[in-house]
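A quick write-up on the structure given underneath.
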2 protein chains.
Amino acid sequence: MLRFLPSLPRCLAMFGSVLVAMSLTSCASFDSQPPRPRWAIAIHGGAGVPADLANPEDYSSAIERALQLGQSILADGGTSLDAVTAALVLLEDDPHFNAGLGAVLTSEGACELDASIMDGETLNCGAVASVTTVKNPILLARAVMTASKHVFLAGGGAEQFAREQGFSPVENDYFKTEHRRKSLERVKEEEQRAKSAQSAVDLCEPVYLGTVGAVALDQDGHLAAATSTGGLTNKRYGRVGDSPIIGAGTFAADTSCAVSCTGQGELYIRHGISHALSALVEHAGLSLEAAGARLIHQVLPEDSGGLIAIDRHGNITMPFNTVGMHRGCADANGRFEVLIYKEPIINATVSP
Amino acid sequence: MLRFLPSLPRCLAMFGSVLVAMSLTSCASFDSQPPRPRWAIAIHGGAGVPADLANPEDYSSAIERALQLGQSILADGGTSLDAVTAALVLLEDDPHFNAGLGAVLTSEGACELDASIMDGETLNCGAVASVTTVKNPILLARAVMTASKHVFLAGGGAEQFAREQGFSPVENDYFKTEHRRKSLERVKEEEQRAKSAQSAVDLCEPVYLGTVGAVALDQDGHLAAATSTGGLTNKRYGRVGDSPIIGAGTFAADTSCAVSCTGQGELYIRHGISHALSALVEHAGLSLEAAGARLIHQVLPEDSGGLIAIDRHGNITMPFNTVGMHRGCADANGRFEVLIYKEPIINATVSP
């Protein structure tokens with residue numbers, strides 16, 4: 001058997017080769033891309049931004065504050081779940097976005113809110129649909145994830161669970177803004193004009209898709225994703241969109257990536273966009289950017305929406321096929337960007 | 001240039017080689033597996049069958065009749081959508097299964113029904129949740145798919161849509177059977193005994209998972225999938241399981257496969273099981289059988305459920321990790337099987 005053992009000089013030569021190979025490998029990866037950031041976060045405030053958006057700085061300022069809040073949590077060693085939750089609470093409380101305060105109105109003039117959150121480490125998740133009295137639906141989704149055996153609670157049952165979990169109810173009027181009341185009036189007027197030419201169930205059109213979402217990678221390497229929305233202006237029939245559907249509007253798995261979507265929810269459900277992105281990264285060998293581009297620019301039709309995603313290496317992608325998408329991202333390497341259209345509003349890359 | 005043209009004898013030799021190669025190829029595929037069936041169908045009546053099931057022939061007889069109905073539609077050139085719809089209507093109308101008539105009761109003693117259907121050709125789909133007065137929820141899910149712009153309608157809004165689509169309401173009592181009333185009483189008694197040792201929201205246990213589902217491939221090569229359920233005995237808080245979630249309980253795409261799941265819905269949502277199966281087949285290069293086995297026996301824990309699936313080649317798989325699963329399948333090659341546990345109840349392979 002001894003003759004199969006390598007000689008000492010041969011051992012040393014082999015060891016040397018391994019060292020050279022390791023050195024070449026790390027040089028190559030160091031040269032081709034920056035080192036993996038210790039943390040990263042991306043946030044969206046909805047695709048479907050009109051080209052003539054009034055006061056764009058109001059939206060960008062909110063995205064910037066949400067990013068700063070998320071990055072401070074991550075830089076301090078907080079969890080990705082805490083970062084995405086805090087960012088979404090801030091955006092739910094901002095009347096500019098279609099989530100929480102300032103949500104769009106249903107056909108009956110009410111606000112019905114959907115939200116979901118997912119923990120990439122455990123695949124645990126929580127979602128709520130058609131909530132009407134909970135100030136921050138993302139906090140209720142998180143309570144479903146952590147304090148119930150279930151994943152998805154809807155309607156009055158979700159409200160009952162909220163009461164038992166100590167959520168103080170707010171009046172549905174809390175969510176309503178003058179801006180959204182006028183949007184509903186406008187859509188209903190258009191509906192009346194178009195009614196004779198359309199089928200009875202063909203009356204619900206998105207006017208502004210201001211869903212909010214966040215994805216993050218924390219210093220322990222765990223991913224999380226969260227999404228919150230008021231759905232469509234003039235929605236009816238208890239319509240549920242993609243935002244509370246795990247695998248459609250929201251998905252996170254430490255083995256692949258974290259995703260939050262915004263757009264025409266029905267298309268995102270049919271194609272299971274957030275799970276499809278994860279599968280393309282995990283099974284088809286695509287980079288996060290290539291997988292996102294394929295789904296947004298090849299699978300989905302033009303003007304249908306966008307997504308934000310972070311993979312386990314801290315890569316970020318934020319593709320969209322609409323005129324614009326409120327969005328921003330930051331990471332531990334000093335990247336800090338806030339954008340609406342193609343060009344950045346704020347673009348800083350400083351030493352971390 | 002002429003010197004690059006092959007001579008006549010060389011041409012004949014090449015032609016002969018191609019013929020031999022074609023012959024070997026078809027022999028090889030003929031030897032290794034039967035030719036692709038022109039149509040195929042699989043049906044389940046729920047995983048989680050108790051080992052001491054009373055009157056197993058009642059369940060098997062219903063699965064057999066649903067299979068015969070589906071196969072007659074497919075053999076006559078009907079669509080996979082029609083086959084899965086007809087099979088599920090039959091099972092919803094049979095009191096043995098937890099869907100339609102005979103659905104389990106919620107904590108409040110009501111029946112709340114969920115269903116979904118998906119067309120693999122167009123990726124169009126329809127789903128309903130928490131329906132209480134529609135006799136056949138799978139027909140309402142199909143109406144959502146074909147007659148609305150939406151994919152997913154829940155609660156009272158879904159009922160309103162049903163009325164506008166001409167569905168006659170039934171009393172909620174129509175769905176309730178003595179067997180399910182006793183099940184709820186038993187679970188509530190167990191709950192009372194266990195209450196002091198459990199958290200306030202940890203009171204909902206599946207007793208019997210009798211969800212029904214069907215998948216089919218038609219002669220035009222189109223796949224379809226459908227699932228219908230009453231959910232969990234003693235469910236509360238407006239809990240939504242995997243059955244109405246496209247990508248969790250139901251998925252179909254002509255490019256990969258059609259899937260219907262049954263089991264602990266929360267796990268099927270977290271892992272996006274039906275979309276994950278499709279992704280493993282489409283992107284990871286796994287056979288349908290290997291992909292199903294990985295998800296049911298490696299990804300999901302023991303005793304959590306099963307699935308049925310058909311790929312675009314007519315291959316069928318029906319894995320489960322529970323004691324048994326009511327199931328059956330048939331195809332144009334004469335395969336006809338009805339099973340509960342590991343061994344078949346009916347197993348016929350005759351010339352088609």
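In the structure tokens, the first chain shown is A, the next is B, and so on; residue numbers restart at 1 for each chain, and ligands run from 1 in the order shown.
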Spatial neighbours of Lys342 (chain B), max dist 9 Å, only C-alpha atoms, sep filter under 3 positions, as a PDB file with N, CA and C atoms, in the first residue's frame:
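This went into around-v7.pdb:
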```pdb
ATOM      1  N   VAL B 323     -49.637   8.196   6.033  1.00  0.00           N
ATOM      2  CA  VAL B 323     -49.938   6.752   6.001  1.00  0.00           C
ATOM      3  C   VAL B 323     -50.550   6.374   4.657  1.00  0.00           C
ATOM      4  N   GLY B 324     -51.446   7.218   4.176  1.00  0.00           N
ATOM      5  CA  GLY B 324     -52.082   6.928   2.896  1.00  0.00           C
ATOM      6  C   GLY B 324     -52.514   8.206   2.211  1.00  0.00           C
ATOM      7  N   MET B 325     -52.920   8.080   0.953  1.00  0.00           N
ATOM      8  CA  MET B 325     -53.493   9.223   0.221  1.00  0.00           C
ATOM      9  C   MET B 325     -54.494   8.650  -0.777  1.00  0.00           C
ATOM     10  N   LEU B 339     -55.821   3.917  -5.591  1.00  0.00           N
ATOM     11  CA  LEU B 339     -55.018   3.509  -4.438  1.00  0.00           C
ATOM     12  C   LEU B 339     -55.358   4.344  -3.202  1.00  0.00           C
TER      13      LEU B 339
END
```
If chain B is fitted onto chain A by least squares over all C-alpha atoms, taken pair by pair in sequence order, what do its new coordinates look like as a compact mmCIF listing (two decimals) with C-alpha atoms, in the first residue's frame?
```
# COMPACT_ATOMS: atom_id res chain seq x y z
CA MET B 1 2.80 1.52 -0.03
CA LEU B 2 5.57 4.02 0.67
CA ARG B 3 6.19 4.54 -3.02
CA PHE B 4 2.76 6.21 -3.26
CA LEU B 5 3.73 8.89 -0.75
CA PRO B 6 4.97 12.06 -2.43
CA SER B 7 8.56 13.13 -1.81
CA LEU B 8 9.22 16.29 0.29
CA PRO B 9 10.23 18.42 -2.73
CA ARG B 10 7.07 17.26 -4.54
CA CYS B 11 5.02 18.13 -1.44
CA LEU B 12 6.45 21.63 -1.37
CA ALA B 13 5.83 22.08 -5.09
CA MET B 14 2.19 20.93 -4.66
CA PHE B 15 1.71 23.28 -1.68
CA GLY B 16 3.13 26.14 -3.73
CA SER B 17 0.76 25.37 -6.60
CA VAL B 18 -2.21 25.41 -4.24
CA LEU B 19 -1.12 28.78 -2.85
CA VAL B 20 -0.75 30.22 -6.36
CA ALA B 21 -4.13 28.79 -7.35
CA MET B 22 -5.79 30.26 -4.23
CA SER B 23 -4.16 33.59 -4.89
CA LEU B 24 -5.27 33.59 -8.54
CA THR B 25 -8.80 32.62 -7.52
CA SER B 26 -9.16 35.40 -5.00
CA CYS B 27 -7.57 37.91 -7.37
CA ALA B 28 -9.99 36.83 -10.09
CA SER B 29 -13.04 37.16 -7.86
CA PHE B 30 -11.73 40.45 -6.44
CA ASP B 31 -11.21 41.79 -9.96
CA SER B 32 -14.55 40.66 -11.34
CA GLN B 33 -16.79 41.72 -8.44
CA PRO B 34 -16.51 43.36 -5.02
CA PRO B 35 -16.43 41.09 -1.97
CA ARG B 36 -19.78 39.95 -0.61
CA PRO B 37 -21.25 42.75 1.49
CA ARG B 38 -21.91 41.82 5.14
CA TRP B 39 -25.45 43.15 4.77
CA ALA B 40 -27.66 44.59 2.03
CA ILE B 41 -31.12 46.11 1.71
CA ALA B 42 -33.41 47.20 -1.14
CA ILE B 43 -36.72 49.05 -0.90
CA HIS B 44 -39.44 49.93 -3.42
CA GLY B 45 -42.31 52.38 -3.24
CA GLY B 46 -44.18 51.01 -6.25
CA ALA B 47 -43.84 50.73 -10.00
CA GLY B 48 -46.15 52.65 -12.33
CA VAL B 49 -44.80 56.13 -11.55
CA PRO B 50 -46.23 58.72 -13.99
CA ALA B 51 -43.71 60.56 -16.18
CA ASP B 52 -45.02 63.91 -14.84
CA LEU B 53 -44.86 63.01 -11.13
CA ALA B 54 -45.35 66.10 -8.93
CA ASN B 55 -42.83 66.61 -6.12
CA PRO B 56 -40.67 63.55 -6.83
CA GLU B 57 -38.38 64.58 -3.95
CA ASP B 58 -41.15 63.78 -1.44
CA TYR B 59 -41.11 60.16 -2.52
CA SER B 60 -37.33 59.92 -2.80
CA SER B 61 -36.85 61.48 0.60
CA ALA B 62 -39.13 58.83 2.17
CA ILE B 63 -37.31 55.99 0.38
CA GLU B 64 -34.00 57.50 1.58
CA ARG B 65 -35.21 57.62 5.21
CA ALA B 66 -36.52 54.05 5.02
CA LEU B 67 -33.16 52.93 3.60
CA GLN B 68 -31.25 54.75 6.34
CA LEU B 69 -33.45 53.13 8.99
CA GLY B 70 -32.98 49.66 7.50
CA GLN B 71 -29.25 50.05 7.04
CA SER B 72 -28.75 51.26 10.62
CA ILE B 73 -30.51 48.09 11.89
CA LEU B 74 -28.43 45.83 9.63
CA ALA B 75 -25.12 47.62 10.31
CA ASP B 76 -25.75 47.21 14.05
CA GLY B 77 -26.16 43.45 13.58
CA GLY B 78 -29.97 43.44 13.59
CA THR B 79 -32.02 40.89 11.67
CA SER B 80 -33.21 41.20 8.09
CA LEU B 81 -36.78 40.69 9.42
CA ASP B 82 -36.43 43.74 11.69
CA ALA B 83 -34.92 45.81 8.87
CA VAL B 84 -37.71 45.10 6.35
CA THR B 85 -40.40 45.56 9.01
CA ALA B 86 -39.05 48.95 10.16
CA ALA B 87 -38.64 50.19 6.57
CA LEU B 88 -42.22 49.23 5.72
CA VAL B 89 -43.73 50.78 8.86
CA LEU B 90 -42.05 54.07 7.87
CA LEU B 91 -43.48 53.86 4.34
CA GLU B 92 -46.94 52.77 5.57
CA ASP B 93 -46.96 55.90 7.77
CA ASP B 94 -46.00 58.14 4.81
CA PRO B 95 -49.08 59.38 2.88
CA HIS B 96 -47.30 59.36 -0.49
CA PHE B 97 -47.43 55.58 -0.87
CA ASN B 98 -50.32 53.19 -1.45
CA ALA B 99 -49.96 51.35 1.88
CA GLY B 100 -51.23 52.23 5.35
CA LEU B 101 -51.89 56.01 5.56
CA GLY B 102 -52.59 57.21 2.01
CA ALA B 103 -53.82 53.87 0.66
CA VAL B 104 -56.07 54.00 -2.39
CA LEU B 105 -59.85 53.73 -2.00
CA THR B 106 -62.07 50.82 -3.00
CA SER B 107 -65.19 51.21 -5.10
CA GLU B 108 -67.12 51.83 -1.84
CA GLY B 109 -64.67 54.55 -0.76
CA ALA B 110 -62.98 52.48 1.96
CA CYS B 111 -59.37 51.43 2.49
CA GLU B 112 -58.71 47.65 2.48
CA LEU B 113 -55.11 46.77 3.14
CA ASP B 114 -53.00 43.69 2.33
CA ALA B 115 -49.51 42.78 3.56
CA SER B 116 -47.13 39.85 3.86
CA ILE B 117 -43.72 39.03 5.30
CA MET B 118 -41.40 36.01 4.98
CA ASP B 119 -38.37 34.76 6.90
CA GLY B 120 -35.84 33.18 4.55
CA GLU B 121 -34.18 31.17 7.32
CA THR B 122 -37.26 29.19 8.42
CA LEU B 123 -39.65 29.82 5.48
CA ASN B 124 -42.10 30.95 8.12
CA CYS B 125 -44.39 33.67 6.83
CA GLY B 126 -47.47 35.74 7.61
CA ALA B 127 -50.03 37.50 5.42
CA VAL B 128 -53.22 39.53 5.89
CA ALA B 129 -55.82 40.65 3.36
CA SER B 130 -58.66 43.20 3.42
CA VAL B 131 -57.69 44.70 6.77
CA THR B 132 -59.54 47.95 7.53
CA THR B 133 -58.65 49.09 11.08
CA VAL B 134 -54.99 48.11 11.63
CA LYS B 135 -52.64 51.11 11.31
CA ASN B 136 -49.64 49.06 10.16
CA PRO B 137 -50.71 45.92 8.28
CA ILE B 138 -47.09 44.73 8.01
CA LEU B 139 -46.97 44.46 11.83
CA LEU B 140 -50.14 42.35 11.77
CA ALA B 141 -48.64 40.12 9.04
CA ARG B 142 -45.60 39.68 11.27
CA ALA B 143 -47.82 38.79 14.23
CA VAL B 144 -49.58 36.17 12.08
CA MET B 145 -46.12 34.73 11.32
CA THR B 146 -44.90 34.68 14.90
CA ALA B 147 -48.00 34.30 17.09
CA SER B 148 -50.34 32.02 15.11
CA LYS B 149 -50.15 28.59 13.54
CA HIS B 150 -51.55 30.07 10.36
CA VAL B 151 -49.98 31.88 7.44
CA PHE B 152 -52.83 33.85 5.91
CA LEU B 153 -55.76 35.58 7.68
CA ALA B 154 -58.37 37.63 5.82
CA GLY B 155 -61.06 40.21 6.55
CA GLY B 156 -62.92 40.29 9.86
CA GLY B 157 -61.03 37.25 11.16
CA ALA B 158 -57.71 39.07 10.70
CA GLU B 159 -59.15 42.07 12.59
CA GLN B 160 -60.28 39.79 15.44
CA PHE B 161 -56.79 38.29 15.62
CA ALA B 162 -55.34 41.83 15.68
CA ARG B 163 -57.51 42.76 18.69
CA GLU B 164 -56.47 39.59 20.55
CA GLN B 165 -52.84 40.44 19.81
CA GLY B 166 -53.24 43.91 21.34
CA PHE B 167 -53.36 46.03 18.17
CA SER B 168 -55.34 49.22 18.88
CA PRO B 169 -57.87 49.82 16.11
CA VAL B 170 -57.88 53.00 14.04
CA GLU B 171 -60.89 54.40 12.19
CA ASN B 172 -60.84 53.54 8.49
CA ASP B 173 -60.86 57.32 7.86
CA TYR B 174 -57.31 57.46 9.30
CA PHE B 175 -55.98 55.97 6.04
CA LYS B 176 -57.87 58.28 3.64
CA THR B 177 -56.21 61.30 2.02
CA GLU B 178 -57.70 64.02 -0.19
CA HIS B 179 -55.40 62.92 -3.00
CA ARG B 180 -56.83 59.38 -2.97
CA ARG B 181 -60.44 60.66 -2.73
CA LYS B 182 -59.86 62.68 -5.92
CA SER B 183 -58.26 59.64 -7.60
CA LEU B 184 -61.35 57.55 -6.87
CA GLU B 185 -63.66 60.30 -8.19
CA ARG B 186 -61.60 60.51 -11.38
CA VAL B 187 -61.63 56.74 -11.93
CA LYS B 188 -65.37 56.56 -11.29
CA GLU B 189 -65.97 59.34 -13.84
CA GLU B 190 -63.85 57.49 -16.40
CA GLU B 191 -65.74 54.33 -15.54
CA GLN B 192 -69.08 56.01 -16.20
CA ARG B 193 -67.87 57.26 -19.57
CA ALA B 194 -66.50 53.85 -20.57
CA LYS B 195 -69.30 51.76 -19.05
CA SER B 196 -71.36 51.21 -22.17
CA ALA B 197 -68.33 49.85 -24.03
CA GLN B 198 -67.18 47.47 -21.29
CA SER B 199 -68.44 44.36 -19.55
CA ALA B 200 -70.00 44.69 -16.12
CA VAL B 201 -66.92 43.35 -14.37
CA ASP B 202 -64.33 45.25 -16.40
CA LEU B 203 -64.43 48.45 -14.40
CA CYS B 204 -61.40 48.36 -12.19
CA GLU B 205 -58.25 49.99 -13.52
CA PRO B 206 -55.00 50.68 -11.72
CA VAL B 207 -54.16 54.36 -11.78
CA TYR B 208 -51.14 54.40 -9.58
CA LEU B 209 -49.39 51.36 -8.20
CA GLY B 210 -47.70 52.62 -5.03
CA THR B 211 -47.24 49.32 -3.22
CA VAL B 212 -44.24 49.31 -0.85
CA GLY B 213 -41.76 46.50 -0.27
CA ALA B 214 -38.38 45.69 1.22
CA VAL B 215 -35.85 42.85 1.04
CA ALA B 216 -32.74 42.44 3.17
CA LEU B 217 -29.72 40.24 3.91
CA ASP B 218 -28.39 40.44 7.47
CA GLN B 219 -24.92 39.75 8.89
CA ASP B 220 -25.94 36.20 9.82
CA GLY B 221 -26.67 35.47 6.17
CA HIS B 222 -30.46 35.40 6.61
CA LEU B 223 -32.82 36.87 4.02
CA ALA B 224 -36.27 38.44 4.56
CA ALA B 225 -38.91 40.03 2.34
CA ALA B 226 -42.02 42.13 3.04
CA THR B 227 -44.73 43.84 0.96
CA SER B 228 -47.67 46.12 1.89
CA THR B 229 -50.38 47.69 -0.27
CA GLY B 230 -53.81 49.23 -0.54
CA GLY B 231 -54.38 47.44 -3.85
CA LEU B 232 -56.14 49.10 -6.77
CA THR B 233 -58.14 52.33 -6.81
CA ASN B 234 -61.84 51.47 -7.26
CA LYS B 235 -61.26 47.76 -6.50
CA ARG B 236 -64.36 45.68 -5.74
CA TYR B 237 -65.60 42.14 -5.21
CA GLY B 238 -63.11 41.56 -2.35
CA ARG B 239 -60.30 41.43 -4.92
CA VAL B 240 -57.05 40.06 -3.50
CA GLY B 241 -53.88 40.96 -5.39
CA ASP B 242 -50.39 39.49 -5.27
CA SER B 243 -49.04 41.41 -2.25
CA PRO B 244 -50.41 39.04 0.45
CA ILE B 245 -49.74 35.93 -1.64
CA ILE B 246 -46.54 34.14 -0.64
CA GLY B 247 -44.83 33.08 -3.89
CA ALA B 248 -46.54 35.81 -5.93
CA GLY B 249 -45.79 39.23 -4.34
CA THR B 250 -43.39 38.11 -1.59
CA PHE B 251 -40.92 35.26 -1.13
CA ALA B 252 -37.68 34.63 0.78
CA ALA B 253 -35.47 31.56 1.16
CA ASP B 254 -31.88 31.61 2.44
CA THR B 255 -31.02 29.06 -0.25
CA SER B 256 -31.86 31.49 -3.06
CA CYS B 257 -33.10 35.05 -2.61
CA ALA B 258 -35.65 37.47 -1.11
CA VAL B 259 -38.17 39.15 -3.44
CA SER B 260 -40.88 41.83 -3.21
CA CYS B 261 -43.01 42.70 -6.25
CA THR B 262 -45.10 45.66 -7.38
CA GLY B 263 -47.40 45.86 -10.38
CA GLN B 264 -50.49 44.31 -11.94
CA GLY B 265 -51.11 41.73 -9.24
CA GLU B 266 -53.10 39.29 -11.38
CA LEU B 267 -50.08 38.75 -13.65
CA TYR B 268 -47.79 38.26 -10.65
CA ILE B 269 -50.14 35.60 -9.26
CA ARG B 270 -50.48 33.74 -12.59
CA HIS B 271 -46.73 33.54 -13.07
CA GLY B 272 -45.93 33.13 -9.35
CA ILE B 273 -43.25 35.77 -9.97
CA SER B 274 -41.49 35.85 -6.59
CA HIS B 275 -41.30 32.04 -6.34
CA ALA B 276 -40.35 31.85 -10.04
CA LEU B 277 -37.41 34.19 -9.40
CA SER B 278 -36.24 32.02 -6.53
CA ALA B 279 -36.58 28.86 -8.67
CA LEU B 280 -34.64 30.38 -11.59
CA VAL B 281 -31.79 31.27 -9.22
CA GLU B 282 -31.85 27.95 -7.35
CA HIS B 283 -32.58 25.46 -10.14
CA ALA B 284 -31.87 27.08 -13.52
CA GLY B 285 -28.45 28.45 -12.58
CA LEU B 286 -29.32 32.04 -13.53
CA SER B 287 -27.77 35.00 -11.74
CA LEU B 288 -30.21 37.12 -9.72
CA GLU B 289 -29.94 39.90 -12.30
CA ALA B 290 -30.53 37.57 -15.28
CA ALA B 291 -33.48 35.87 -13.54
CA GLY B 292 -35.09 39.23 -12.67
CA ALA B 293 -34.56 40.55 -16.21
CA ARG B 294 -36.11 37.42 -17.74
CA LEU B 295 -39.25 37.67 -15.62
CA ILE B 296 -39.75 41.44 -15.90
CA HIS B 297 -38.75 41.91 -19.56
CA GLN B 298 -39.57 38.56 -21.20
CA VAL B 299 -42.28 36.81 -19.16
CA LEU B 300 -44.33 39.88 -18.11
CA PRO B 301 -45.73 42.38 -20.64
CA GLU B 302 -44.48 45.97 -20.85
CA ASP B 303 -45.86 48.42 -18.30
CA SER B 304 -46.94 45.74 -15.83
CA GLY B 305 -44.56 46.39 -12.89
CA GLY B 306 -41.24 45.56 -11.30
CA LEU B 307 -39.54 43.82 -8.41
CA ILE B 308 -36.66 44.14 -5.98
CA ALA B 309 -34.53 41.18 -4.91
CA ILE B 310 -31.38 40.31 -2.97
CA ASP B 311 -29.64 36.94 -3.20
CA ARG B 312 -27.70 35.16 -0.47
CA HIS B 313 -24.45 36.69 -1.77
CA GLY B 314 -25.76 40.24 -1.29
CA ASN B 315 -26.33 40.89 -4.99
CA ILE B 316 -29.21 43.30 -5.60
CA THR B 317 -31.48 43.67 -8.63
CA MET B 318 -34.38 46.12 -9.12
CA PRO B 319 -35.81 45.63 -12.65
CA PHE B 320 -39.07 47.23 -13.85
CA ASN B 321 -40.90 47.56 -17.17
CA THR B 322 -42.88 50.72 -16.30
CA VAL B 323 -41.82 54.35 -16.83
CA GLY B 324 -40.37 54.43 -13.35
CA MET B 325 -40.27 52.67 -9.98
CA HIS B 326 -39.62 54.33 -6.62
CA ARG B 327 -36.67 52.36 -5.26
CA GLY B 328 -33.40 52.40 -3.44
CA CYS B 329 -30.71 50.11 -2.09
CA ALA B 330 -27.76 50.13 0.27
CA ASP B 331 -25.12 47.66 1.38
CA ALA B 332 -22.16 47.25 3.74
CA ASN B 333 -19.74 48.08 0.90
CA GLY B 334 -20.98 51.69 0.96
CA ARG B 335 -23.48 51.47 -1.88
CA PHE B 336 -26.41 53.87 -1.33
CA GLU B 337 -28.76 54.65 -4.20
CA VAL B 338 -32.24 56.19 -4.50
CA LEU B 339 -33.93 56.15 -7.90
CA ILE B 340 -37.28 56.78 -9.61
CA TYR B 341 -36.60 56.58 -13.35
CA LYS B 342 -33.52 55.08 -15.01
CA GLU B 343 -31.07 57.62 -13.58
CA PRO B 344 -30.25 57.73 -9.86
CA ILE B 345 -31.45 60.60 -7.65
CA ILE B 346 -28.86 59.77 -5.00
CA ASN B 347 -25.90 57.58 -5.89
CA ALA B 348 -23.15 57.26 -3.33
CA THR B 349 -20.53 54.56 -3.13
CA VAL B 350 -18.27 55.37 -0.22
CA SER B 351 -15.95 53.30 1.93
CA PRO B 352 -18.09 51.52 4.50
```
Q. Per DSSP on the backbone, what are the strand (DSSP E) residues of region 35-131 of chain A, as JSON, numbers by chain?
A. {"A": [40, 41, 42, 43, 44, 45, 46, 47, 113, 114, 115, 116, 117, 118, 119, 125, 126, 127, 128, 129, 130, 131]}
